[in-house]
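Asks: Next comes the structure file start.csv, holding CSV, C-alpha atoms.
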```csv
chain,number,residue,atom,x,y,z
A,1,MET,CA,-10.8,-1.6,-20.7
A,2,ASP,CA,-7.1,-2.1,-21.3
A,3,PHE,CA,-7.1,-5.9,-21.9
A,4,GLU,CA,-3.4,-6.0,-22.8
A,5,SER,CA,-2.3,-4.5,-19.5
A,6,GLY,CA,-4.8,-6.6,-17.6
A,7,LEU,CA,-3.4,-9.7,-19.2
A,8,ILE,CA,0.2,-8.6,-18.4
A,9,TYR,CA,-0.7,-8.1,-14.7
A,10,ASN,CA,-2.4,-11.5,-14.4
A,11,VAL,CA,0.4,-13.3,-16.1
A,12,PHE,CA,2.9,-11.5,-13.9
A,13,ILE,CA,1.1,-12.5,-10.7
A,14,ILE,CA,0.7,-16.2,-11.9
A,15,ILE,CA,4.4,-16.4,-12.5
A,16,ALA,CA,5.3,-14.6,-9.3
A,17,CYS,CA,3.0,-16.9,-7.2
A,18,GLY,CA,4.4,-19.9,-9.1
A,19,LEU,CA,7.9,-19.0,-8.1
A,20,ALA,CA,6.8,-18.2,-4.6
A,21,TYR,CA,5.0,-21.6,-4.3
A,22,TRP,CA,8.1,-23.4,-5.4
A,23,THR,CA,10.2,-21.5,-2.9
A,24,GLU,CA,7.8,-22.4,-0.1
A,25,ARG,CA,7.7,-26.1,-1.1
A,26,SER,CA,11.5,-26.1,-1.1
A,27,GLY,CA,11.7,-24.7,2.5
A,28,TYR,CA,12.4,-21.1,1.6
A,29,ARG,CA,15.7,-21.8,0.1
A,30,PRO,CA,17.8,-18.7,-0.8
A,31,LEU,CA,17.8,-19.5,-4.5
A,32,GLY,CA,14.0,-19.6,-4.7
A,33,LEU,CA,13.7,-16.4,-2.6
A,34,LEU,CA,16.2,-14.6,-4.8
A,35,LEU,CA,14.5,-15.7,-8.0
A,36,THR,CA,11.1,-14.7,-6.8
A,37,PHE,CA,12.3,-11.3,-5.4
A,38,ALA,CA,14.3,-10.5,-8.6
A,39,PHE,CA,11.4,-11.3,-10.9
A,40,VAL,CA,9.0,-9.1,-8.9
A,41,VAL,CA,11.4,-6.2,-8.5
A,42,PHE,CA,12.5,-6.3,-12.1
A,43,PHE,CA,8.9,-6.2,-13.4
A,44,TRP,CA,8.2,-3.0,-11.4
A,45,ALA,CA,11.6,-1.4,-11.5
A,46,ILE,CA,11.5,-1.1,-15.3
A,47,ARG,CA,8.1,0.5,-15.3
A,48,TYR,CA,7.6,3.9,-17.0
A,49,ASP,CA,4.9,6.5,-16.3
A,50,ILE,CA,3.0,4.0,-14.2
A,51,GLY,CA,1.3,5.5,-11.2
A,52,ASN,CA,-0.5,8.8,-11.0
A,53,ASP,CA,2.5,10.4,-9.2
A,54,TYR,CA,5.2,9.1,-11.6
A,55,LYS,CA,5.6,12.5,-13.4
A,56,GLY,CA,5.6,14.2,-10.0
A,57,TYR,CA,8.5,12.1,-8.9
A,58,MET,CA,10.3,13.0,-12.2
A,59,THR,CA,9.7,16.7,-11.3
A,60,ILE,CA,11.1,16.2,-7.8
A,61,PHE,CA,14.2,14.6,-9.2
A,62,TYR,CA,14.9,17.5,-11.5
A,63,LEU,CA,14.2,20.1,-8.8
A,64,VAL,CA,16.7,18.4,-6.5
A,65,LYS,CA,19.2,17.9,-9.4
A,66,TYR,CA,19.3,21.5,-10.3
A,67,GLY,CA,19.1,22.8,-6.7
A,68,TYR,CA,15.6,24.3,-6.7
A,69,PRO,CA,13.7,24.5,-3.3
A,70,TYR,CA,11.2,21.8,-2.8
A,71,ASP,CA,9.6,20.3,0.4
A,72,VAL,CA,10.6,16.7,0.5
A,73,GLU,CA,12.0,14.5,3.3
A,74,LEU,CA,15.7,14.3,3.7
A,75,GLY,CA,16.1,10.6,3.0
A,76,TYR,CA,14.3,10.9,-0.4
A,77,ARG,CA,16.2,14.1,-1.2
A,78,TRP,CA,19.5,12.3,-0.5
A,79,LEU,CA,18.5,9.4,-2.7
A,80,ASN,CA,17.8,11.8,-5.6
A,81,LYS,CA,21.1,13.5,-5.1
A,82,CYS,CA,22.8,10.1,-5.5
A,83,PHE,CA,21.5,9.9,-9.0
A,84,ALA,CA,21.8,13.6,-9.9
A,85,TRP,CA,24.8,12.8,-12.2
A,86,SER,CA,22.4,11.3,-14.7
A,87,GLN,CA,19.8,13.2,-16.8
A,88,THR,CA,17.4,10.3,-16.3
A,89,GLY,CA,18.4,9.5,-12.8
A,90,TYR,CA,14.8,9.3,-11.7
A,91,VAL,CA,14.8,5.7,-13.1
A,92,GLY,CA,17.5,4.8,-10.6
A,93,VAL,CA,15.7,6.6,-7.8
A,94,LEU,CA,12.5,4.7,-8.4
A,95,GLY,CA,14.4,1.5,-9.0
A,96,VAL,CA,16.1,1.7,-5.6
A,97,MET,CA,12.7,2.6,-3.9
A,98,THR,CA,11.3,-0.5,-5.6
A,99,ILE,CA,14.0,-2.7,-4.2
A,100,LEU,CA,13.7,-1.3,-0.7
A,101,SER,CA,9.9,-1.6,-0.7
A,102,TYR,CA,9.8,-5.2,-1.8
A,103,PHE,CA,12.7,-6.1,0.6
A,104,PHE,CA,10.5,-5.2,3.6
A,105,LEU,CA,7.4,-6.6,2.0
A,106,PHE,CA,9.1,-10.0,1.4
A,107,LYS,CA,10.6,-9.8,4.9
A,108,MET,CA,7.1,-9.7,6.3
A,109,PHE,CA,5.8,-12.4,4.0
A,110,ILE,CA,8.6,-14.7,5.1
A,111,ARG,CA,8.1,-14.0,8.7
A,112,GLU,CA,4.5,-14.9,8.5
A,113,ARG,CA,5.2,-17.8,6.1
A,114,ILE,CA,2.7,-16.5,3.6
A,115,LEU,CA,4.9,-15.7,0.6
A,116,THR,CA,2.6,-17.1,-2.2
A,117,LEU,CA,-0.6,-15.9,-0.7
A,118,GLY,CA,1.0,-12.6,0.3
A,119,LEU,CA,2.1,-11.9,-3.2
A,120,PHE,CA,-1.3,-12.7,-4.6
A,121,PHE,CA,-3.3,-10.6,-2.2
A,122,SER,CA,-0.9,-7.7,-2.3
A,123,MET,CA,-1.5,-7.6,-6.0
A,124,ALA,CA,-5.2,-8.3,-5.9
A,125,PHE,CA,-5.8,-5.7,-3.2
A,126,LEU,CA,-3.8,-3.3,-5.3
A,127,LEU,CA,-1.0,-2.7,-2.8
A,128,GLN,CA,1.6,-3.4,-5.5
A,129,PHE,CA,-0.1,-0.7,-7.7
A,130,MET,CA,0.1,1.7,-4.8
A,131,LEU,CA,3.8,1.0,-4.6
A,132,THR,CA,4.2,2.3,-8.1
A,133,ASN,CA,2.2,5.4,-7.3
A,134,GLN,CA,2.7,6.8,-3.8
A,135,VAL,CA,6.3,5.8,-3.8
A,136,ARG,CA,7.5,7.4,-0.6
A,137,GLN,CA,4.4,6.7,1.5
A,138,ALA,CA,4.0,3.2,0.1
A,139,PHE,CA,7.6,2.4,1.1
A,140,VAL,CA,6.8,3.5,4.7
A,141,LEU,CA,3.6,1.4,4.6
A,142,VAL,CA,5.4,-1.9,3.7
A,143,TYR,CA,8.1,-1.0,6.3
A,144,PHE,CA,5.3,-0.6,8.9
A,145,LEU,CA,3.9,-4.0,7.9
A,146,SER,CA,7.3,-5.5,8.6
A,147,VAL,CA,7.5,-4.1,12.1
A,148,VAL,CA,3.8,-4.2,13.2
A,149,HIS,CA,4.5,-7.4,15.1
A,150,TYR,CA,6.2,-5.3,17.8
A,151,LEU,CA,2.8,-3.7,18.4
A,152,GLU,CA,1.2,-7.2,18.8
A,153,GLU,CA,4.0,-8.2,21.2
A,154,ARG,CA,3.5,-5.0,23.2
A,155,LYS,CA,7.1,-4.0,22.6
A,156,TYR,CA,5.8,-0.4,22.2
A,157,TRP,CA,9.1,1.4,22.5
A,158,LYS,CA,10.7,-0.9,20.0
A,159,TYR,CA,7.8,-0.3,17.7
A,160,ILE,CA,8.1,3.5,17.9
A,161,LEU,CA,11.9,3.5,17.6
A,162,SER,CA,11.8,1.2,14.6
A,163,LEU,CA,9.5,3.7,12.8
A,164,LEU,CA,11.6,6.7,13.5
A,165,PRO,CA,14.0,6.3,10.5
A,166,MET,CA,10.9,6.4,8.2
A,167,LEU,CA,10.6,10.1,9.0
A,168,LEU,CA,13.3,10.5,6.4
A,169,PHE,CA,10.9,9.3,3.7
A,170,HIS,CA,7.4,10.4,4.7
A,171,LEU,CA,6.3,12.5,7.7
A,172,SER,CA,2.9,10.9,7.9
A,173,VAL,CA,4.6,8.0,9.8
A,174,ILE,CA,4.0,10.1,12.9
A,175,LEU,CA,0.4,9.1,12.7
A,176,LEU,CA,1.3,5.5,13.3
A,177,PHE,CA,2.7,6.2,16.7
A,178,PRO,CA,-0.7,6.6,18.5
A,179,LEU,CA,-1.6,3.0,17.5
A,180,VAL,CA,0.1,1.9,20.8
A,181,PHE,CA,-2.9,3.4,22.5
A,182,VAL,CA,-5.6,1.7,20.4
A,183,ALA,CA,-4.0,-1.7,20.0
A,184,ARG,CA,-5.9,-3.1,23.1
A,185,LEU,CA,-9.3,-1.8,21.9
A,186,ARG,CA,-11.7,-4.7,21.6
A,187,LEU,CA,-15.2,-4.5,20.1
A,188,SER,CA,-17.6,-7.4,19.4
A,189,LYS,CA,-18.1,-8.6,15.9
A,190,ILE,CA,-21.6,-7.3,15.8
A,191,THR,CA,-20.5,-3.9,17.0
A,192,TRP,CA,-17.8,-3.7,14.3
A,193,ALA,CA,-20.2,-4.8,11.6
A,194,VAL,CA,-22.8,-2.3,12.5
A,195,VAL,CA,-20.2,0.5,12.7
A,196,LEU,CA,-18.6,-0.3,9.4
A,197,VAL,CA,-21.9,-0.8,7.5
A,198,GLY,CA,-23.4,2.2,9.2
A,199,THR,CA,-20.6,4.6,8.3
A,200,TYR,CA,-20.5,3.3,4.7
A,201,ILE,CA,-24.2,4.1,4.3
A,202,MET,CA,-23.6,7.5,5.9
A,203,TYR,CA,-20.8,8.1,3.4
A,204,LEU,CA,-23.1,7.4,0.5
A,205,LEU,CA,-25.5,9.9,2.0
A,206,GLY,CA,-22.8,12.6,2.1
A,207,SER,CA,-22.7,12.8,5.9
A,208,PHE,CA,-19.0,13.3,6.4
A,209,LYS,CA,-18.0,16.2,4.0
A,210,GLU,CA,-18.4,18.9,6.7
A,211,ILE,CA,-16.3,17.1,9.4
A,212,GLY,CA,-13.7,16.2,6.8
A,213,THR,CA,-13.3,19.8,5.6
A,214,LYS,CA,-12.8,21.1,9.2
A,215,LEU,CA,-10.2,18.4,9.9
A,216,MET,CA,-8.3,19.3,6.7
A,217,MET,CA,-8.1,22.9,7.7
A,218,ALA,CA,-6.2,21.9,10.9
A,219,PHE,CA,-4.1,19.2,9.2
A,220,PRO,CA,-0.3,19.8,9.1
A,221,LEU,CA,0.5,19.8,5.3
A,222,TYR,CA,3.3,20.9,3.0
A,223,ASP,CA,2.8,24.4,1.6
A,224,GLN,CA,2.3,23.0,-1.9
A,225,TYR,CA,-0.9,21.3,-0.7
A,226,LYS,CA,-2.5,24.0,1.4
A,227,LEU,CA,-4.0,26.0,-1.4
A,228,THR,CA,-4.9,23.2,-3.8
A,229,GLU,CA,-8.2,21.5,-4.5
A,230,ARG,CA,-7.0,18.5,-2.5
A,231,MET,CA,-8.1,20.4,0.5
A,232,MET,CA,-11.7,20.1,-0.6
A,233,ALA,CA,-13.9,17.1,-0.6
A,234,GLU,CA,-13.8,15.1,-3.8
A,235,ASP,CA,-17.0,13.7,-5.5
A,236,VAL,CA,-16.1,10.0,-5.2
A,237,GLY,CA,-19.6,8.6,-5.1
A,238,PHE,CA,-20.1,4.8,-5.3
A,239,SER,CA,-16.8,2.9,-5.8
A,240,THR,CA,-16.5,-0.8,-6.6
A,241,VAL,CA,-13.1,-0.9,-4.9
A,242,MET,CA,-14.5,0.7,-1.8
A,243,LEU,CA,-17.5,-1.7,-1.6
A,244,PHE,CA,-15.2,-4.7,-2.2
A,245,GLY,CA,-12.8,-3.5,0.5
A,246,LEU,CA,-15.8,-3.3,2.9
A,247,CYS,CA,-17.0,-6.8,2.0
A,248,VAL,CA,-13.5,-8.2,2.5
A,249,ALA,CA,-13.3,-6.5,5.9
A,250,LEU,CA,-16.6,-8.1,7.0
A,251,PHE,CA,-15.5,-11.5,5.7
A,252,ILE,CA,-12.2,-11.3,7.7
A,253,LEU,CA,-14.2,-10.0,10.7
A,254,PHE,CA,-16.6,-13.0,10.6
A,255,PHE,CA,-13.7,-15.5,10.5
A,256,SER,CA,-11.4,-13.5,12.8
A,257,ASP,CA,-11.4,-16.3,15.4
A,258,VAL,CA,-9.6,-18.5,13.0
A,259,ILE,CA,-6.9,-15.9,12.3
A,260,ASN,CA,-6.5,-15.1,16.0
A,261,ARG,CA,-4.6,-11.8,15.5
A,262,PRO,CA,-6.7,-9.4,17.5
A,263,VAL,CA,-4.3,-6.4,17.4
A,264,LEU,CA,-4.0,-6.5,13.7
A,265,LEU,CA,-7.7,-7.0,13.3
A,266,THR,CA,-8.5,-4.0,15.5
A,267,VAL,CA,-6.1,-1.7,13.6
A,268,TYR,CA,-7.3,-2.9,10.3
A,269,LEU,CA,-11.0,-2.4,11.1
A,270,LEU,CA,-10.2,1.0,12.5
A,271,GLY,CA,-8.7,1.8,9.1
A,272,ILE,CA,-11.8,0.7,7.2
A,273,LEU,CA,-13.9,2.9,9.6
A,274,PHE,CA,-11.7,5.9,8.8
A,275,TYR,CA,-11.7,5.1,5.1
A,276,ASN,CA,-15.5,5.2,5.1
A,277,ILE,CA,-15.4,8.6,6.7
A,278,PHE,CA,-12.6,10.2,4.9
A,279,ILE,CA,-12.4,8.7,1.4
A,280,GLU,CA,-13.6,12.0,-0.1
A,281,PHE,CA,-10.5,13.7,1.3
A,282,HIS,CA,-7.6,12.5,-0.8
A,283,LEU,CA,-4.8,13.3,1.5
A,284,ILE,CA,-6.4,11.8,4.6
A,285,GLY,CA,-7.5,8.8,2.6
A,286,ARG,CA,-3.9,8.1,1.5
A,287,VAL,CA,-2.8,8.0,5.2
A,288,VAL,CA,-5.6,5.6,6.1
A,289,PHE,CA,-4.0,3.1,3.7
A,290,TYR,CA,-1.4,2.3,6.4
A,291,LEU,CA,-4.2,0.6,8.3
A,292,THR,CA,-6.4,-0.9,5.6
A,293,TYR,CA,-3.5,-2.7,3.9
A,294,LEU,CA,-3.1,-4.9,6.9
A,295,ASN,CA,-5.5,-7.1,4.8
A,296,VAL,CA,-2.4,-8.4,3.0
A,297,ILE,CA,-1.5,-10.1,6.2
A,298,LEU,CA,-5.0,-11.1,7.5
A,299,ALA,CA,-6.4,-12.5,4.3
A,300,PRO,CA,-3.5,-14.8,3.6
A,301,LEU,CA,-3.6,-16.0,7.2
A,302,LEU,CA,-7.3,-16.8,6.8
A,303,VAL,CA,-6.7,-18.8,3.7
A,304,LYS,CA,-3.8,-20.6,5.2
A,305,LYS,CA,-5.6,-21.5,8.4
A,306,ASP,CA,-9.1,-22.2,7.0
A,307,TRP,CA,-8.8,-23.3,3.4
A,308,HIS,CA,-12.5,-24.2,3.1
A,309,ASN,CA,-13.7,-20.6,3.8
A,310,GLY,CA,-10.5,-19.0,2.7
A,311,ALA,CA,-10.9,-20.5,-0.8
A,312,VAL,CA,-14.1,-18.5,-1.2
A,313,LEU,CA,-12.2,-15.3,-0.4
A,314,LEU,CA,-9.4,-16.3,-2.7
A,315,GLY,CA,-11.8,-17.0,-5.7
A,316,ILE,CA,-13.8,-13.8,-5.3
A,317,THR,CA,-10.7,-11.7,-4.9
A,318,TRP,CA,-9.2,-13.1,-8.1
A,319,LEU,CA,-12.4,-12.5,-10.0
A,320,MET,CA,-12.4,-8.9,-8.8
A,321,PHE,CA,-8.8,-8.5,-9.8
A,322,LEU,CA,-9.5,-9.9,-13.3
A,323,ILE,CA,-12.1,-7.0,-13.6
A,324,LEU,CA,-10.0,-4.3,-12.0
A,325,SER,CA,-6.6,-5.0,-13.4
A,326,GLY,CA,-7.6,-3.6,-16.8
A,327,LYS,CA,-10.4,-1.3,-15.8
A,328,GLU,CA,-10.1,2.4,-16.8
A,329,PRO,CA,-9.6,4.8,-15.1
A,330,ALA,CA,-7.1,2.8,-13.1
A,331,TYR,CA,-7.3,3.2,-9.3
A,332,HIS,CA,-3.6,4.0,-8.8
A,333,GLY,CA,-2.9,5.0,-12.4
A,334,ASN,CA,-1.4,1.7,-13.4
A,335,LEU,CA,-2.6,1.7,-17.0
A,336,PRO,CA,-1.3,1.2,-19.5
A,337,TYR,CA,1.6,-1.0,-18.4
A,338,GLN,CA,4.8,0.2,-20.2
A,339,THR,CA,8.5,0.0,-19.5
A,340,ILE,CA,11.6,2.2,-20.0
A,341,PHE,CA,12.4,0.0,-23.0
A,342,ASP,CA,9.0,0.8,-24.7
A,343,VAL,CA,9.3,4.6,-24.8
A,344,PRO,CA,12.1,7.2,-25.0
A,345,LEU,CA,12.9,8.4,-21.5
A,346,ASN,CA,11.8,12.0,-20.8
A,347,LYS,CA,14.6,14.5,-20.4
A,348,TYR,CA,13.8,17.9,-18.9
```
Take the structure from the file and write it as structure tokens.

Replies:
Amino acid sequence: MDFESGLIYNVFIIIACGLAYWTERSGYRPLGLLLTFAFVVFFWAIRYDIGNDYKGYMTIFYLVKYGYPYDVELGYRWLNKCFAWSQTGYVGVLGVMTILSYFFLFKMFIRERILTLGLFFSMAFLLQFMLTNQVRQAFVLVYFLSVVHYLEERKYWKYILSLLPMLLFHLSVILLFPLVFVARLRLSKITWAVVLVGTYIMYLLGSFKEIGTKLMMAFPLYDQYKLTERMMAEDVGFSTVMLFGLCVALFILFFSDVINRPVLLTVYLLGILFYNIFIEFHLIGRVVFYLTYLNVILAPLLVKKDWHNGAVLLGITWLMFLILSGKEPAYHGNLPYQTIFDVPLNKY
């Protein structure tokens, strides 16, 4: 356990939620929003070597800086070129990505009027840790959360067109387009519960490795992934995070009438289903996060609309976060927490 980092993360979210609560109580005044946004962004923008992919993004920066070939989307390549004048320009690149990501995350929270609860659940459900790790894809994810309301409003062309710019940052956004065909899918609570619990048990029994391997062979991937071990099934086994995610999904499903957001619920539960099936396949599992992280909208709405039952979810979630925030190995590589002021910046 990394108690120091766990303490830092818990103090951070308490202060962030305190600022957000003051902002909400003052009617979302610009000063409160600016202070809350600046505090959250600064905390994450100054991070160093946090996230399993941090060193990978440093490598991308230097490959782009010195003109070596590398498969990366144009938008992210251009951003790296903007900082190529600096030997440690990756700090600027990741800082800009942090600002952009939290801009769209805050935009969604403000639209839903869930700033305080949104910040809490996005931290407790580890979305903010994902934002430090899978930087490009996580940016697309929070952007998706900010435009998913077009899917609910059946403004399908507007939904698709709004996602097109994200092709400049992560090609997996293409997989979000077919959601227009499943948004109207409706299953009963009992059916969803049986399917989710059933697939989870089947996963524990190892039932999905063969089907996942066949799918990976046909999956469009960058060349650097095709011959790596990421193509093979990983031995994940029992995961506390996975079981907790399933329990949260069942809780939200049970009280979904209170939330009354059927499109979001359907897409979210579909994500949990796919997660159960493909968690052993790293690359597919990362894509499924687009759907499963709709819980940062649904959970706050449940607490907001039904405080009596929502408080149970809030309390259990915080308890889990107290355990997971300092637990090693970290789910997204967020331990130990350190900043660019704590260590000398690496120079290639």

Asks: Measure the distance from atom CA of Leu322 of chain A to atom CA of Ile8 of chain A in Å and round it to one decimal.

Replies: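 Atom CA of Leu322 of chain A sits 11.0 Å away from atom CA of Ile8 of chain A.
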
Asks: Name the residues in contact with segment 45-54 of chain A at a cut-off of 12 Å, using all atoms listed in the file, excluding same-chain residues fewer than 4 positions from it; report them as a VMD selection string.

Replies: chain A and resid 5 37 to 41 58 to 61 88 90 to 102 126 to 138 329 to 346

Asks: Please determine, counting only C-alpha atoms, which residue among A:Val140, A:Val72, A:Ile252, A:Ile279 has the shortest atom-to-atom distance to Thr199 of chain A.

Replies: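 Checking each candidate against Thr199 of chain A, we get A:Ile279 as the closest.
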
Asks: Mind pulling up the distance from atom CA of Val148 of chain A to atom CA of Val180 of chain A?

Replies: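 Spanning atom CA of Val180 of chain A to atom CA of Val148 of chain A is a straight-line distance of 10.4 Å.
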
Asks: Quick one: everything within 9 Å of Phe251 of chain A, counting only C-alpha atoms, minus sequence neighbours fewer than 5 positions away in the same chain. Send it as a list in words.

Replies: Leu246, Ser256 and Leu313 of chain A

Asks: Please produce a file of those selected residues containing C-alpha atoms, as a PDB file, in the coordinates of the input.

Replies:
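The resulting file, out_33.pdb, is reproduced below:
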```pdb
ATOM      1  CA  LEU A 246     -15.800  -3.300   2.900  1.00  0.00           C
ATOM      2  CA  SER A 256     -11.400 -13.500  12.800  1.00  0.00           C
ATOM      3  CA  LEU A 313     -12.200 -15.300  -0.400  1.00  0.00           C
TER       4      LEU A 313
END
```

Asks: Would you pick out the contacts of Asp2 of chain A at 7 Å or less, using only C-alpha atoms, so that residues sharing its chain but fewer than 4 positions from it are not included, and give the list as a list in words?

Replies: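 The residues that qualify are Gly6, Gly326, Lys327 and Pro336 of chain A.
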
Asks: Which of these, A:Val195, A:Ile277, A:Leu7, A:Leu115, has the shortest distance to Leu33 of chain A once you count all atoms listed in the file?

Replies: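 The answer is A:Leu115, which sits nearest to Leu33 of chain A.
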
Asks: Report the distance between atom CA of Leu298 of chain A and atom CA of Ser172 of chain A in Å, rounded to one decimal place.

Replies: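 Calculated distance between atom CA of Leu298 of chain A and atom CA of Ser172 of chain A is 23.4 Å.
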
Asks: Compute the distance from (-6.0, -21.4, -1.2) to each atom, counting only C-alpha atoms, keep the residues with any atom at most 10 Å away, and return them as a list of chain:residue names; use the coordinates of the file.

Replies: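 Residues lying no farther than 10 Å from the given point: A:Thr116, A:Leu117, A:Pro300, A:Leu302, A:Val303, A:Lys304, A:Lys305, A:Asp306, A:Trp307, A:His308, A:Asn309, A:Gly310, A:Ala311, A:Val312, A:Leu313, A:Leu314, A:Gly315.
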